[in-house]
Structures are given as C-alpha cells and as structure tokens.
>>> print(open('structure07.txt').read())   # compact mmCIF, C-alpha atoms
# COMPACT_ATOMS: atom_id res chain seq x y z
CA MET B 1 70.19 103.20 288.13
CA ASN B 2 73.35 105.20 288.68
CA LEU B 3 74.12 104.92 292.39
CA VAL B 4 75.56 108.42 292.72
CA LYS B 5 74.58 110.17 295.95
CA THR B 6 73.67 113.80 295.55
CA TYR B 7 74.01 116.29 298.36
CA LEU B 8 70.67 117.84 297.61
CA SER B 9 67.73 117.18 299.78
CA LYS B 10 64.50 119.13 299.58
CA VAL B 11 61.80 119.31 302.20
CA MET B 12 58.71 121.44 301.83
CA VAL B 13 55.68 121.57 304.05
CA ALA B 14 52.45 123.50 304.10
CA CYS B 15 51.43 124.55 307.54
CA ALA B 16 48.89 122.70 309.60
CA THR B 17 46.21 124.74 311.23
CA ILE B 18 47.56 125.23 314.74
CA ALA B 19 46.71 128.88 315.20
CA PHE B 20 47.08 130.40 318.66
CA MET B 21 47.42 133.81 320.32
CA LEU B 22 49.82 135.11 322.95
CA SER B 23 49.52 138.60 324.34
CA CYS B 24 51.17 140.65 327.02
CA ASP B 25 48.17 142.98 327.03
CA PRO B 26 44.83 141.09 326.81
CA ALA B 27 42.82 144.29 326.71
CA GLU B 28 44.73 145.47 323.67
CA GLU B 29 44.05 142.20 321.85
CA GLN B 30 40.32 142.82 322.00
CA VAL B 31 40.66 145.78 319.62
CA VAL B 32 43.63 144.76 317.46
CA GLU B 33 42.81 142.59 314.46
CA HIS B 34 45.65 140.42 313.17
CA PRO B 35 45.83 138.88 309.69
CA ASP B 36 45.28 135.20 309.03
CA ILE B 37 48.78 134.64 307.66
CA ARG B 38 49.77 131.23 306.24
CA LEU B 39 53.47 130.36 305.88
CA ASN B 40 55.29 127.71 303.86
CA ILE B 41 58.83 126.46 304.52
CA THR B 42 61.22 124.76 302.12
CA VAL B 43 64.47 123.20 303.34
CA ASP B 44 67.00 122.65 300.59
CA ASP B 45 70.73 122.02 299.97
CA ILE B 46 71.19 120.09 303.21
CA THR B 47 74.80 119.26 304.14
CA ALA B 48 76.41 118.00 307.34
CA THR B 49 76.46 121.47 308.93
CA THR B 50 74.25 123.74 306.80
CA ALA B 51 70.80 123.96 305.23
CA LYS B 52 69.04 126.54 303.07
CA ILE B 53 65.70 127.79 304.40
CA LYS B 54 63.10 129.44 302.20
CA VAL B 55 59.97 130.89 303.80
CA THR B 56 57.02 132.32 301.89
CA HIS B 57 53.62 133.51 303.10
CA ASP B 58 50.28 134.58 301.66
CA GLY B 59 49.89 137.71 303.76
CA GLU B 60 50.71 141.35 303.03
CA SER B 61 54.26 142.69 302.69
CA SER B 62 53.69 144.63 305.91
CA ASP B 63 52.94 141.49 307.93
CA THR B 64 55.77 140.43 310.22
CA TRP B 65 56.76 136.92 311.17
CA TYR B 66 59.45 135.12 313.15
CA GLY B 67 61.32 131.88 312.43
CA PHE B 68 63.95 129.85 314.26
CA VAL B 69 65.72 126.47 314.12
CA THR B 70 65.77 123.96 316.99
CA ASP B 71 67.05 120.45 317.58
CA ASP B 72 64.04 119.80 319.82
CA THR B 73 61.91 117.59 317.58
CA THR B 74 59.60 116.26 320.29
CA THR B 75 58.11 119.32 322.03
CA ASP B 76 55.11 120.70 320.13
CA ALA B 77 55.82 123.79 318.04
CA ALA B 78 53.32 125.97 319.90
CA THR B 79 55.15 125.44 323.19
CA LEU B 80 58.53 126.24 321.63
CA ILE B 81 57.19 129.44 320.06
CA ALA B 82 55.64 130.49 323.37
CA ALA B 83 59.04 130.07 325.02
CA GLN B 84 60.71 132.19 322.32
CA VAL B 85 58.15 134.95 322.72
CA ALA B 86 58.51 134.85 326.49
CA GLU B 87 62.26 135.33 326.19
CA GLY B 88 61.65 138.34 323.98
CA ILE B 89 61.89 138.86 320.23
CA THR B 90 63.54 142.04 319.02
CA ALA B 91 62.30 144.04 316.05
CA ASN B 92 65.45 143.10 314.15
CA GLU B 93 64.49 139.42 314.40
CA LEU B 94 61.11 139.93 312.74
CA HIS B 95 60.82 139.44 308.96
CA ARG B 96 58.50 141.23 306.54
CA SER B 97 59.56 139.62 303.29
CA LYS B 98 57.00 137.40 301.56
CA GLN B 99 59.93 135.37 300.20
CA TYR B 100 62.79 135.01 302.67
CA ILE B 101 65.92 132.85 302.20
CA THR B 102 68.63 132.22 304.76
CA ILE B 103 71.44 129.69 305.27
CA LEU B 104 71.51 127.89 308.61
CA GLU B 105 75.11 127.30 309.70
CA ALA B 106 76.98 125.53 312.50
CA LEU B 107 74.52 122.64 312.53
CA GLN B 108 75.59 119.26 313.90
CA PRO B 109 76.10 116.32 311.49
CA GLU B 110 73.52 113.52 311.47
CA THR B 111 71.15 115.55 313.64
CA SER B 112 67.41 116.12 313.29
CA TYR B 113 66.23 119.73 313.36
CA ARG B 114 63.01 121.67 312.98
CA TYR B 115 62.58 125.10 311.49
CA ILE B 116 59.50 126.79 312.95
CA ALA B 117 57.80 129.99 311.81
CA ILE B 118 54.69 131.98 312.76
CA GLY B 119 53.32 135.48 312.37
CA VAL B 120 54.44 137.78 315.21
CA SER B 121 53.44 141.43 315.59
CA ALA B 122 55.78 144.20 316.68
CA LYS B 123 54.23 143.94 320.15
CA GLY B 124 55.07 140.24 320.43
CA VAL B 125 51.62 138.90 319.64
CA THR B 126 51.53 135.69 317.58
CA TYR B 127 48.91 135.19 314.88
CA GLY B 128 48.05 133.01 311.90
CA GLU B 129 49.16 129.39 311.53
CA VAL B 130 52.31 127.88 312.96
CA CYS B 131 54.50 126.17 310.35
CA ALA B 132 57.16 123.58 311.23
CA VAL B 133 59.26 121.31 309.04
CA GLU B 134 61.77 118.68 310.13
CA PHE B 135 65.00 117.81 308.36
CA LYS B 136 68.17 115.86 309.12
CA THR B 137 71.74 116.90 308.38
CA LEU B 138 74.10 114.56 306.57
CA SER B 139 77.13 112.82 308.05
CA THR B 140 80.56 114.42 307.77
CA GLY B 141 81.28 111.94 305.01
CA GLY B 142 78.43 113.44 302.99
CA THR B 143 75.87 110.65 303.20
CA THR B 144 74.29 108.86 306.10
CA PRO B 145 73.01 105.28 305.63
CA ASP B 146 69.48 106.69 305.72
CA ASP B 147 69.96 109.35 303.01
CA TYR B 148 69.62 108.26 299.38
CA ASN B 149 69.49 110.45 296.30
CA GLY B 150 67.82 113.32 298.10
CA MET B 151 65.49 111.14 300.21
CA SER B 152 66.11 111.41 303.95
CA ALA B 153 64.81 109.11 306.67
CA ASN B 154 62.35 110.91 308.95
CA ASP B 155 62.96 109.76 312.52
CA ALA B 156 59.58 111.20 313.50
CA TRP B 157 57.81 108.41 311.55
CA THR B 158 57.65 104.79 312.67
CA VAL B 159 56.07 102.42 310.13
CA MET B 160 54.67 99.09 311.39
CA TYR B 161 52.72 96.20 309.91
CA ILE B 162 49.92 95.44 312.40
CA GLY B 163 47.98 92.63 310.70
CA GLU B 164 44.30 92.31 311.60
CA ASP B 165 42.91 95.59 312.91
CA GLU B 166 40.18 98.17 312.41
CA VAL B 167 40.48 101.32 310.32
CA ASN B 168 37.65 103.83 310.74
CA GLY B 169 35.58 101.18 312.47
CA VAL B 170 35.96 98.58 309.69
CA ALA B 171 37.90 95.34 310.27
CA TYR B 172 40.68 94.50 307.81
CA GLU B 173 43.07 91.59 307.51
CA HIS B 174 46.23 93.56 306.74
CA VAL B 175 46.76 97.00 308.31
CA VAL B 176 49.84 99.22 308.30
CA LYS B 177 50.18 101.95 310.92
CA VAL B 178 52.43 104.99 310.98
CA ARG B 179 53.21 106.64 314.29
CA SER B 180 54.18 110.27 313.66
CA THR B 181 55.46 112.90 316.07
CA ASP B 182 55.59 115.74 313.55
CA ASN B 183 53.21 117.41 311.11
CA ASN B 184 54.94 116.51 307.86
CA PRO B 185 52.37 115.05 305.40
CA TYR B 186 52.82 111.58 303.91
CA ALA B 187 51.21 108.69 302.06
CA ILE B 188 51.51 104.98 302.88
CA THR B 189 52.48 102.24 300.43
CA ILE B 190 53.67 98.62 300.29
CA VAL B 191 56.49 97.05 298.25
CA TYR B 192 57.84 93.54 297.98
CA ALA B 193 60.94 93.28 300.17
CA GLU B 194 63.07 91.97 297.32
CA GLN B 195 62.13 95.01 295.23
CA TYR B 196 62.95 97.55 297.93
CA ASP B 197 65.96 99.64 296.88
CA PRO B 198 66.67 102.79 298.91
CA TYR B 199 68.41 104.36 295.92
CA GLN B 200 65.13 104.13 293.99
CA LEU B 201 63.02 105.82 296.66
CA ARG B 202 62.86 109.04 294.69
CA ASP B 203 61.60 107.17 291.61
CA LEU B 204 59.03 105.36 293.76
CA ALA B 205 57.87 108.63 295.29
CA GLU B 206 57.51 110.29 291.88
CA ALA B 207 55.60 107.31 290.47
CA MET B 208 53.24 107.31 293.47
CA LEU B 209 52.69 111.04 293.05
CA GLU B 210 51.74 110.59 289.40
CA ASP B 211 49.30 107.78 290.26
CA MET B 212 47.69 109.73 293.11
CA MET B 213 47.25 112.83 290.95
CA ALA B 214 45.65 110.77 288.17
CA TYR B 215 43.33 109.03 290.62
CA LEU B 216 42.32 112.34 292.22
CA LYS B 217 41.54 113.89 288.85
CA GLU B 218 39.43 110.92 287.77
CA PHE B 219 37.63 110.67 291.12
CA ASN B 220 36.68 114.36 291.13
CA ALA B 221 35.52 114.18 287.51
CA THR B 222 33.45 111.05 288.12
CA ASN B 223 31.87 112.13 291.40
CA GLY B 224 31.60 115.89 290.88
CA THR B 225 33.81 116.52 293.90
CA SER B 226 36.64 119.00 294.41
CA TYR B 227 39.06 117.16 296.68
CA LYS B 228 42.61 118.50 296.81
CA PHE B 229 45.85 116.55 296.80
CA SER B 230 46.32 117.44 300.46
CA ASP B 231 43.12 115.49 301.23
CA MET B 232 44.92 112.31 300.14
CA LEU B 233 47.75 112.79 302.65
CA TYR B 234 48.09 111.96 306.34
CA THR B 235 49.55 114.12 309.08
CA GLY B 236 50.16 112.75 312.53
CA SER B 237 49.60 109.05 313.20
CA ALA B 238 47.46 107.11 310.73
CA ALA B 239 46.66 103.65 309.36
CA ASP B 240 45.86 102.14 305.95
CA PRO B 241 44.45 98.70 305.01
CA PHE B 242 45.95 96.65 302.17
CA ASP B 243 44.91 93.56 300.24
CA LEU B 244 48.11 91.49 300.31
CA ASN B 245 48.97 88.21 298.69
CA PRO B 246 51.42 85.81 300.33
CA GLY B 247 54.96 87.19 300.22
CA VAL B 248 57.58 89.24 302.07
CA TYR B 249 56.98 92.99 302.17
CA ARG B 250 58.07 96.35 303.51
CA ALA B 251 55.71 99.22 304.24
CA LEU B 252 56.76 102.82 303.63
CA ALA B 253 55.65 106.32 304.51
CA ILE B 254 56.57 108.71 301.67
CA GLY B 255 56.50 112.44 302.31
CA TYR B 256 54.68 114.89 300.05
CA THR B 257 53.80 118.56 300.29
CA PRO B 258 50.12 119.55 300.20
CA GLU B 259 50.87 121.32 296.92
CA GLY B 260 51.84 118.02 295.28
CA GLU B 261 55.63 117.71 295.47
CA VAL B 262 57.88 115.01 296.88
CA SER B 263 59.12 116.38 300.22
CA GLY B 264 62.18 114.13 300.39
CA LEU B 265 61.19 112.42 303.64
CA TYR B 266 60.55 108.71 304.06
CA ALA B 267 60.35 105.93 306.64
CA VAL B 268 60.35 102.18 306.09
CA SER B 269 59.17 99.23 308.16
CA ASP B 270 61.02 96.04 308.94
CA GLU B 271 60.37 93.13 306.59
CA PHE B 272 57.19 91.18 307.29
CA GLU B 273 55.81 88.00 305.74
CA ILE B 274 52.26 87.15 304.72
CA LYS B 275 51.80 83.39 304.73
CA GLU B 276 49.26 81.53 302.62
CA ALA B 277 46.40 79.97 304.55
CA MET B 278 45.38 76.34 304.27
CA ALA B 279 42.73 75.83 301.59
CA SER B 280 39.25 75.44 303.04
CA ALA B 281 36.88 72.67 301.98
CA ALA B 282 34.57 75.22 300.37
CA TYR B 283 37.43 76.73 298.37
CA SER B 284 38.73 73.29 297.34
CA ALA B 285 35.28 72.31 296.06
CA TRP B 286 35.68 74.84 293.23
CA LEU B 287 38.91 73.26 291.96
CA GLY B 288 38.65 71.13 288.83
CA GLU B 289 36.82 70.97 285.51
CA TRP B 290 33.58 72.78 284.67
CA ASN B 291 31.29 73.36 281.74
CA ILE B 292 29.91 76.87 281.37
CA GLU B 293 26.77 76.96 279.19
CA GLY B 294 25.20 80.29 278.28
CA GLN B 295 21.66 81.29 277.45
CA ASN B 296 22.76 81.20 273.83
CA HIS B 297 23.61 77.48 274.35
CA ALA B 298 27.31 78.08 273.70
CA VAL B 299 29.38 75.79 275.93
CA THR B 300 32.95 76.32 277.10
CA PRO B 301 34.85 73.76 279.22
CA VAL B 302 37.18 75.43 281.74
CA VAL B 303 39.53 74.39 284.54
CA LEU B 304 39.82 76.22 287.88
CA SER B 305 43.25 75.84 289.52
CA LYS B 306 44.58 77.15 292.82
CA LYS B 307 46.24 80.55 292.72
CA ILE B 308 46.07 81.71 296.35
CA ALA B 309 44.18 79.51 298.78
CA ASN B 310 40.84 80.99 299.88
CA LYS B 311 41.47 84.13 297.78
CA SER B 312 41.76 83.41 294.07
CA PHE B 313 41.88 80.88 291.22
CA THR B 314 43.26 80.78 287.71
CA MET B 315 40.83 79.71 285.00
CA THR B 316 42.03 78.23 281.72
CA GLY B 317 40.09 76.99 278.70
CA TRP B 318 37.92 80.06 278.16
CA GLU B 319 37.15 80.39 274.42
CA GLY B 320 39.26 77.22 273.98
CA PHE B 321 42.57 78.82 275.02
CA ASP B 322 44.37 76.54 277.50
CA ASP B 323 47.41 78.87 277.62
CA LEU B 324 45.50 82.03 278.59
CA ALA B 325 44.95 82.08 282.37
CA ILE B 326 42.25 84.36 283.77
CA GLU B 327 42.48 85.34 287.44
CA VAL B 328 39.23 84.69 289.30
CA GLU B 329 38.58 86.10 292.76
CA TYR B 330 37.08 83.99 295.54
CA ASN B 331 34.91 85.34 298.36
CA ALA B 332 34.95 82.93 301.29
CA GLU B 333 32.05 84.62 303.08
CA LEU B 334 29.76 84.21 300.07
CA ASP B 335 31.45 81.05 298.75
CA ALA B 336 31.35 82.74 295.35
CA ILE B 337 33.73 83.43 292.51
CA PHE B 338 34.06 86.79 290.75
CA PHE B 339 35.15 87.42 287.17
CA TYR B 340 36.60 90.85 286.39
CA SER B 341 38.16 92.65 283.41
CA GLN B 342 41.94 92.34 283.33
CA LEU B 343 45.14 92.13 281.35
CA VAL B 344 45.53 88.39 280.79
CA ALA B 345 48.82 88.10 278.88
CA GLU B 346 51.49 90.37 277.42
CA ASP B 347 53.15 89.72 274.04
CA TYR B 348 50.98 86.69 273.35
CA ASP B 349 51.95 85.04 270.06
CA LEU B 350 49.06 85.16 267.59
CA GLY B 351 51.07 83.62 264.78
CA ALA B 352 52.88 84.92 261.73
CA GLU B 353 49.92 86.90 260.39
CA TYR B 354 49.27 89.02 263.50
CA GLY B 355 52.47 88.71 265.53
CA LYS B 356 52.46 89.38 269.28
CA ALA B 357 49.77 91.26 271.16
CA ASP B 358 48.56 91.99 274.67
CA ILE B 359 45.42 90.01 275.52
CA TYR B 360 42.68 91.47 277.72
CA LEU B 361 39.47 90.08 279.20
CA PHE B 362 36.73 92.54 278.24
CA ALA B 363 33.11 92.76 279.32
CA GLY B 364 30.08 93.37 277.08
CA ASP B 365 26.86 94.85 278.44
CA GLU B 366 23.25 94.35 277.39
CA ASP B 367 23.33 97.54 275.30
CA GLY B 368 26.20 96.35 273.11
CA TYR B 369 28.97 98.37 274.77
CA TYR B 370 32.20 96.76 275.95
CA TYR B 371 34.47 97.67 278.84
CA ASP B 372 38.17 97.16 279.44
CA ASN B 373 40.34 97.60 282.53
CA LYS B 374 42.22 100.70 281.44
CA ASP B 375 40.38 102.82 284.02
CA GLY B 376 40.00 100.18 286.70
CA ASP B 377 38.83 96.59 286.79
CA TYR B 378 35.11 95.97 286.17
CA TYR B 379 33.41 93.12 287.99
CA ILE B 380 31.72 91.20 285.19
CA ALA B 381 29.95 88.26 286.77
CA ILE B 382 29.49 86.24 289.94
CA GLY B 383 29.45 82.47 290.26
CA GLY B 384 27.49 81.22 293.26
CA ILE B 385 25.87 78.09 294.69
CA LEU B 386 22.21 77.39 293.99
CA ASP B 387 19.93 75.41 296.29
CA ASP B 388 20.36 72.23 294.28
CA GLY B 389 24.16 72.49 294.42
CA VAL B 390 24.51 73.48 290.78
CA ARG B 391 26.54 76.62 290.40
CA ALA B 392 25.58 79.45 288.04
CA ILE B 393 26.91 82.77 286.77
CA VAL B 394 24.62 85.73 287.12
CA ARG B 395 24.61 88.31 284.36
CA TYR B 396 26.21 91.20 286.23
CA GLY B 397 28.82 91.49 288.91
CA VAL B 398 27.54 94.53 290.80
CA ASN B 399 23.85 95.10 291.46
CA VAL B 400 24.03 98.89 291.74
CA PRO B 401 21.93 101.38 289.76
CA GLY B 402 23.97 102.75 286.89
CA TYR B 403 26.52 99.93 286.92
CA PRO B 404 26.70 98.07 283.58
CA LYS B 405 24.74 94.83 283.38
CA PHE B 406 27.13 92.54 281.56
CA VAL B 407 25.96 89.68 279.37
CA GLN B 408 29.30 88.33 278.09
CA MET B 409 33.04 88.33 278.72
CA PHE B 410 35.57 87.76 275.95
CA PHE B 411 39.23 88.04 275.00
CA MET B 412 40.41 91.06 273.01
CA ALA B 413 43.85 91.46 271.41
CA ASP B 414 45.54 94.86 271.34
CA ILE B 415 47.22 95.02 267.93
CA ASP B 416 48.87 98.36 267.20
CA GLY B 417 46.34 100.18 269.37
CA ASN B 418 43.30 98.47 267.83
CA PHE B 419 41.29 95.77 269.61
CA TYR B 420 40.22 92.54 267.93
CA ALA B 421 38.05 89.71 269.27
CA LEU B 422 39.53 86.22 269.19
CA THR B 423 36.24 84.32 269.04
CA ALA B 424 32.91 84.80 267.28
CA GLU B 425 30.25 86.24 269.59
CA ASP B 426 27.88 83.30 269.11
CA ASP B 427 30.56 80.89 270.37
CA ILE B 428 30.99 82.69 273.71
CA PRO B 429 28.57 81.76 276.54
CA SER B 430 26.15 84.56 277.41
CA PHE B 431 24.83 85.28 280.91
CA ILE B 432 22.83 84.02 282.73
CA ALA B 433 24.99 80.90 282.29
CA GLY B 434 24.99 77.56 284.02
CA MET B 435 28.26 76.31 285.51
CA ASN B 436 28.36 72.56 286.05
CA ALA B 437 31.17 70.49 287.49
CA THR B 438 32.41 67.63 285.30
CA GLN B 439 35.34 66.03 287.20
CA ASN B 440 35.71 67.81 290.56
>>> encode(input="structure07.txt", output="structure tokens")
Amino acid sequence: MNLVKTYLSKVMVACATIAFMLSCDPAEEQVVEHPDIRLNITVDDITATTAKIKVTHDGESSDTWYGFVTDDTTTDAATLIAAQVAEGITANELHRSKQYITILEALQPETSYRYIAIGVSAKGVTYGEVCAVEFKTLSTGGTTPDDYNGMSANDAWTVMYIGEDEVNGVAYEHVVKVRSTDNNPYAITIVYAEQYDPYQLRDLAEAMLEDMMAYLKEFNATNGTSYKFSDMLYTGSAADPFDLNPGVYRALAIGYTPEGEVSGLYAVSDEFEIKEAMASAAYSAWLGEWNIEGQNHAVTPVVLSKKIANKSFTMTGWEGFDDLAIEVEYNAELDAIFFYSQLVAEDYDLGAEYGKADIYLFAGDEDGYYYDNKDGDYYIAIGGILDDGVRAIVRYGVNVPGYPKFVQMFFMADIDGNFYALTAEDDIPSFIAGMNATQN
C-alpha cells in the first residue's frame, strides 16, 4: 500500500433520537405543532484549523434549524443546546436550507470538536431530533499519529478486551467492550496484532462494510425480516463476544453511518494475548488412530491430531488422503467432535491431468443434495461417546426441523468452477457410522 497521507477525512452521522422541547411560553406550546425534523451532518476536508460542515434534513424548506461547533465533547448535546437557546438565538443564526454547507475556521490543531444541530423555531422553541457528530483536527504538520488515510482516532471510544463476561445475559469466554461517550455509530472487530496496520484501516473498514451488507441481505432474505444496516451498529457503550484461538490480538471499533458509509472514525485496543489451555484428559482421549465404518460397510482409517487444546483437532486420512487435513471442532461440555463443511486446501496438486484445485469438504443429505460452505459452514455430523465407550457418528449435525439430515461427507475439487468428487460414493462411509479407536 502506498503510505501517502491524505488530508481528507469524512465523518457522517445520522441523528439519534434525543428529541426534546424548550419553550419560553408553555401555554403557546400547547397549540403550536412543530415538525418532526431529522438532520444529518457530514464533516469533511478536515485540516489543522478548518473543517467543512454539510447539514441536510428531511423536513420542509420552511423549517428552521440551528447548528454550532463546540470543543466540549463530554457534556450531553441536549444540555449544550439548552444553554445556547437560553443565551438567545437571533433570526440571522437560524437556517432554512435543506442542504447547508459552511467552513468552520480558527479551530485549534489536534483538538476534538462536536458540531451539533437541532430544529429551532423563530420563537426559540427546539423540536425534532438533536444531531451531533465529533471530529478531530489534524496537527499543524498535517497528520497526527492517530490519523491515517482519512481515518481519525475517536477519543470518545475506549476499546478493551475483558475476557470472560456476560453479553445480554449469556456467558462468553472472550468479550470485547467499547466505552463510548458520544453517539457516533460503530461496529466491533478483532485482528491479529501482527496484521494491524493503521494505514490499512480504511481498507479494513470497507471490507467489513461489504461483509456486513452481504450478511444483512442474506439474513433478511432467509428469515423474511427487514432489518436495516443501522440495526447492526452500536451507539453508546456496548460489548461483543468472539471465538478466539490462541494468539495476540487487537480489538477495534470502526465507525459507520446508519446509511452504510465508513464514517472515518476508529479506536483500537492495546494488544492482548489468548493463551492455549492445557489439554484435558477427555480431549486427549480423542487423539490417535480411528476406523470409521459406515452403514454401507465402507471403512476409512483416520488420525486425529491436536490443533488447539480443548477446542479443535485436525483429521487426516479421510478418503485415503493423508495430506488433506480436515478441521474438527471439539465440544468439551458434550465431549463430542463436530464435522463441518469447509475449505480444506487451496491449490492442491491433482497431477498433470487436472492441475491444481481448491479442495472442499462437502456434505450430502438423504435426498441426494450436497452442500458446500460458500454461504456458511454446515455442521455435518457429531461424534459422541456411547454407553459402552465406543464412539459413533450420528447422521446429522443439527437436530432442527428443516435442517438437512446428512448421510455422507466427501471431498470435492473446484476445477475451473466445476466440482468433482475425488472418491467413488460407495467407498465413503455413510452415516450412521461407527468410530472405533485402533491405537489411542
């Protein structure tokens, strides 16, 4: 990436619903009906001493509103507006334009500001929703250490790895919390510390946005819902759980507008390390060689090796391929292993005739359909302990009405966009299958 710092930073926010009324004449307010105006603010072209403000609203052209800039980023916006109204707002300070642009000047370098706007009538009565957006000016040298390629650190966000905690009443092993003192929307993510590059924050934010939009579209289509992008964002303080493997990480809050744009704000945690636990006796009992024999009497010898203690294994030998490693999940509470559809290997060499191909683990159901992991991993089968100590694989991984009941799992090679099986169907164990230890 070209490490050229631009002097463009863009911040856009849709207003939170913090509507309130102030009136010098309460009796008059009982008969005057004010519009439910909603404002949006974009801050652009931020320098050390200036910033461009664009305000739009969804009201009528006759509706008036008032906006101002302040370096007070801690007092709530409603209190600051009340103080402005109390001091008196002249008619010349009210705006009617549905699209208003102004340049803020004489700002201080490396200083956090808020621009606040709300509907205000000619009689000084506030109405509609208050809108506030925070931004930070650059240093006199053009770039502060916290500003990278149009992404500016938001001092109102503090990102922390908490570890074990509850989110919405459910206990999780790895929780990240964001403490926020403003109303700018954001999403939370995790990256490996060695992969964190502040100059690539914009690329990370754009990639996250694309993934979230795709997930939202698929979720609404699958569930018949109509969630909006804004429903995926947090405002104020929030927490998210993550499933983390051992490693060193950073957690980030990335700012987005409710309309689905990168706001340009971010915050990042200190580095934190997730250490691998000691392997339990129950987990260790799964390590070693097994024979998997299906109802069709096909037998495949496999080897389970440690991937992450108490969390996962790698399994080799399926369909006779010792160099194709399938990841297998482990559930300590159930003392069970889970097989799921996945990308197993990229650019696997199939020889001179077929060349290189990506290899996937697919699932086949009882109706003859097969499933890949292009739209999410499918749980194929569960291996659990029977009363006599002999383990077995059940025929489906999720016992939920409508979920496919899988009877086989098999490798498929993606060759020029077409999928080909590597093994004849009769040679692949079918479920329900027995799983018997040979040299554990």
>>> closest_residue(input="structure07.txt", among="B:Ser341, B:Asn184, B:Thr225, B:Gln408", to="Gly294 (chain B)", atoms="all atoms listed in the file")
B:Gln408
>>> residues_around(input="structure07.txt", residues="Lys311 (chain B)", least_positions_apart="6", cutoff="8 Å", atoms="all atoms listed in the file", output="PyMOL selection string")
chain B and resi 329-332
>>> residues_around(input="structure07.txt", residues="Ser269 (chain B)", least_positions_apart="4", cutoff="10 Å", atoms="all atoms listed in the file", output="PyMOL selection string")
chain B and resi 157-161+176-178+190+249-253
>>> residues_near_point(input="structure07.txt", point="(33.8, 75.7, 276.2)", cutoff="9 Å", atoms="all atoms listed in the file", output="PDB file with C-alpha atoms, keeping the file's coordinate frame")
ATOM      1  CA  TRP B 290      33.580  72.780 284.670  1.00  0.00           C
ATOM      2  CA  ASN B 291      31.290  73.360 281.740  1.00  0.00           C
ATOM      3  CA  ILE B 292      29.910  76.870 281.370  1.00  0.00           C
ATOM      4  CA  GLU B 293      26.770  76.960 279.190  1.00  0.00           C
ATOM      5  CA  ALA B 298      27.310  78.080 273.700  1.00  0.00           C
ATOM      6  CA  VAL B 299      29.380  75.790 275.930  1.00  0.00           C
ATOM      7  CA  THR B 300      32.950  76.320 277.100  1.00  0.00           C
ATOM      8  CA  PRO B 301      34.850  73.760 279.220  1.00  0.00           C
ATOM      9  CA  VAL B 302      37.180  75.430 281.740  1.00  0.00           C
ATOM     10  CA  GLY B 317      40.090  76.990 278.700  1.00  0.00           C
ATOM     11  CA  TRP B 318      37.920  80.060 278.160  1.00  0.00           C
ATOM     12  CA  GLU B 319      37.150  80.390 274.420  1.00  0.00           C
ATOM     13  CA  GLY B 320      39.260  77.220 273.980  1.00  0.00           C
ATOM     14  CA  ASP B 427      30.560  80.890 270.370  1.00  0.00           C
ATOM     15  CA  ILE B 428      30.990  82.690 273.710  1.00  0.00           C
ATOM     16  CA  PRO B 429      28.570  81.760 276.540  1.00  0.00           C
TER      17      PRO B 429
END
>>> residues_near_point(input="structure07.txt", point="(45.5, 82.7, 274.8)", cutoff="12 Å", atoms="only C-alpha atoms", output="ChimeraX atom specification")
/B:315-326,343-351,356-361,410-413,421-423
>>> closest_residue(input="structure07.txt", among="B:Glu134, B:Glu206, B:Asp243, B:Asp335", to="Asp44 (chain B)", atoms="all atoms listed in the file")
B:Glu134
>>> closest_residue(input="structure07.txt", among="B:Ile46, B:Val130, B:Ala392, B:Ala285", to="Phe338 (chain B)", atoms="only C-alpha atoms")
B:Ala392
>>> closest_residue(input="structure07.txt", among="B:Thr102, B:Ser62, B:Thr56, B:Thr75", to="Ile118 (chain B)", atoms="all atoms listed in the file")
B:Thr56
>>> atom_distance(input="structure07.txt", atom1="CA of Leu244 (chain B)", atom2="CA of Asp372 (chain B)")
23.8 Å
>>> closest_residue(input="structure07.txt", among="B:Gly355, B:Asn245, B:Phe431, B:Tyr369", to="Asp414 (chain B)", atoms="all atoms listed in the file")
B:Gly355
>>> closest_residue(input="structure07.txt", among="B:Ser263, B:Gly150, B:Met212, B:Gly128", to="Thr42 (chain B)", atoms="all atoms listed in the file")
B:Ser263
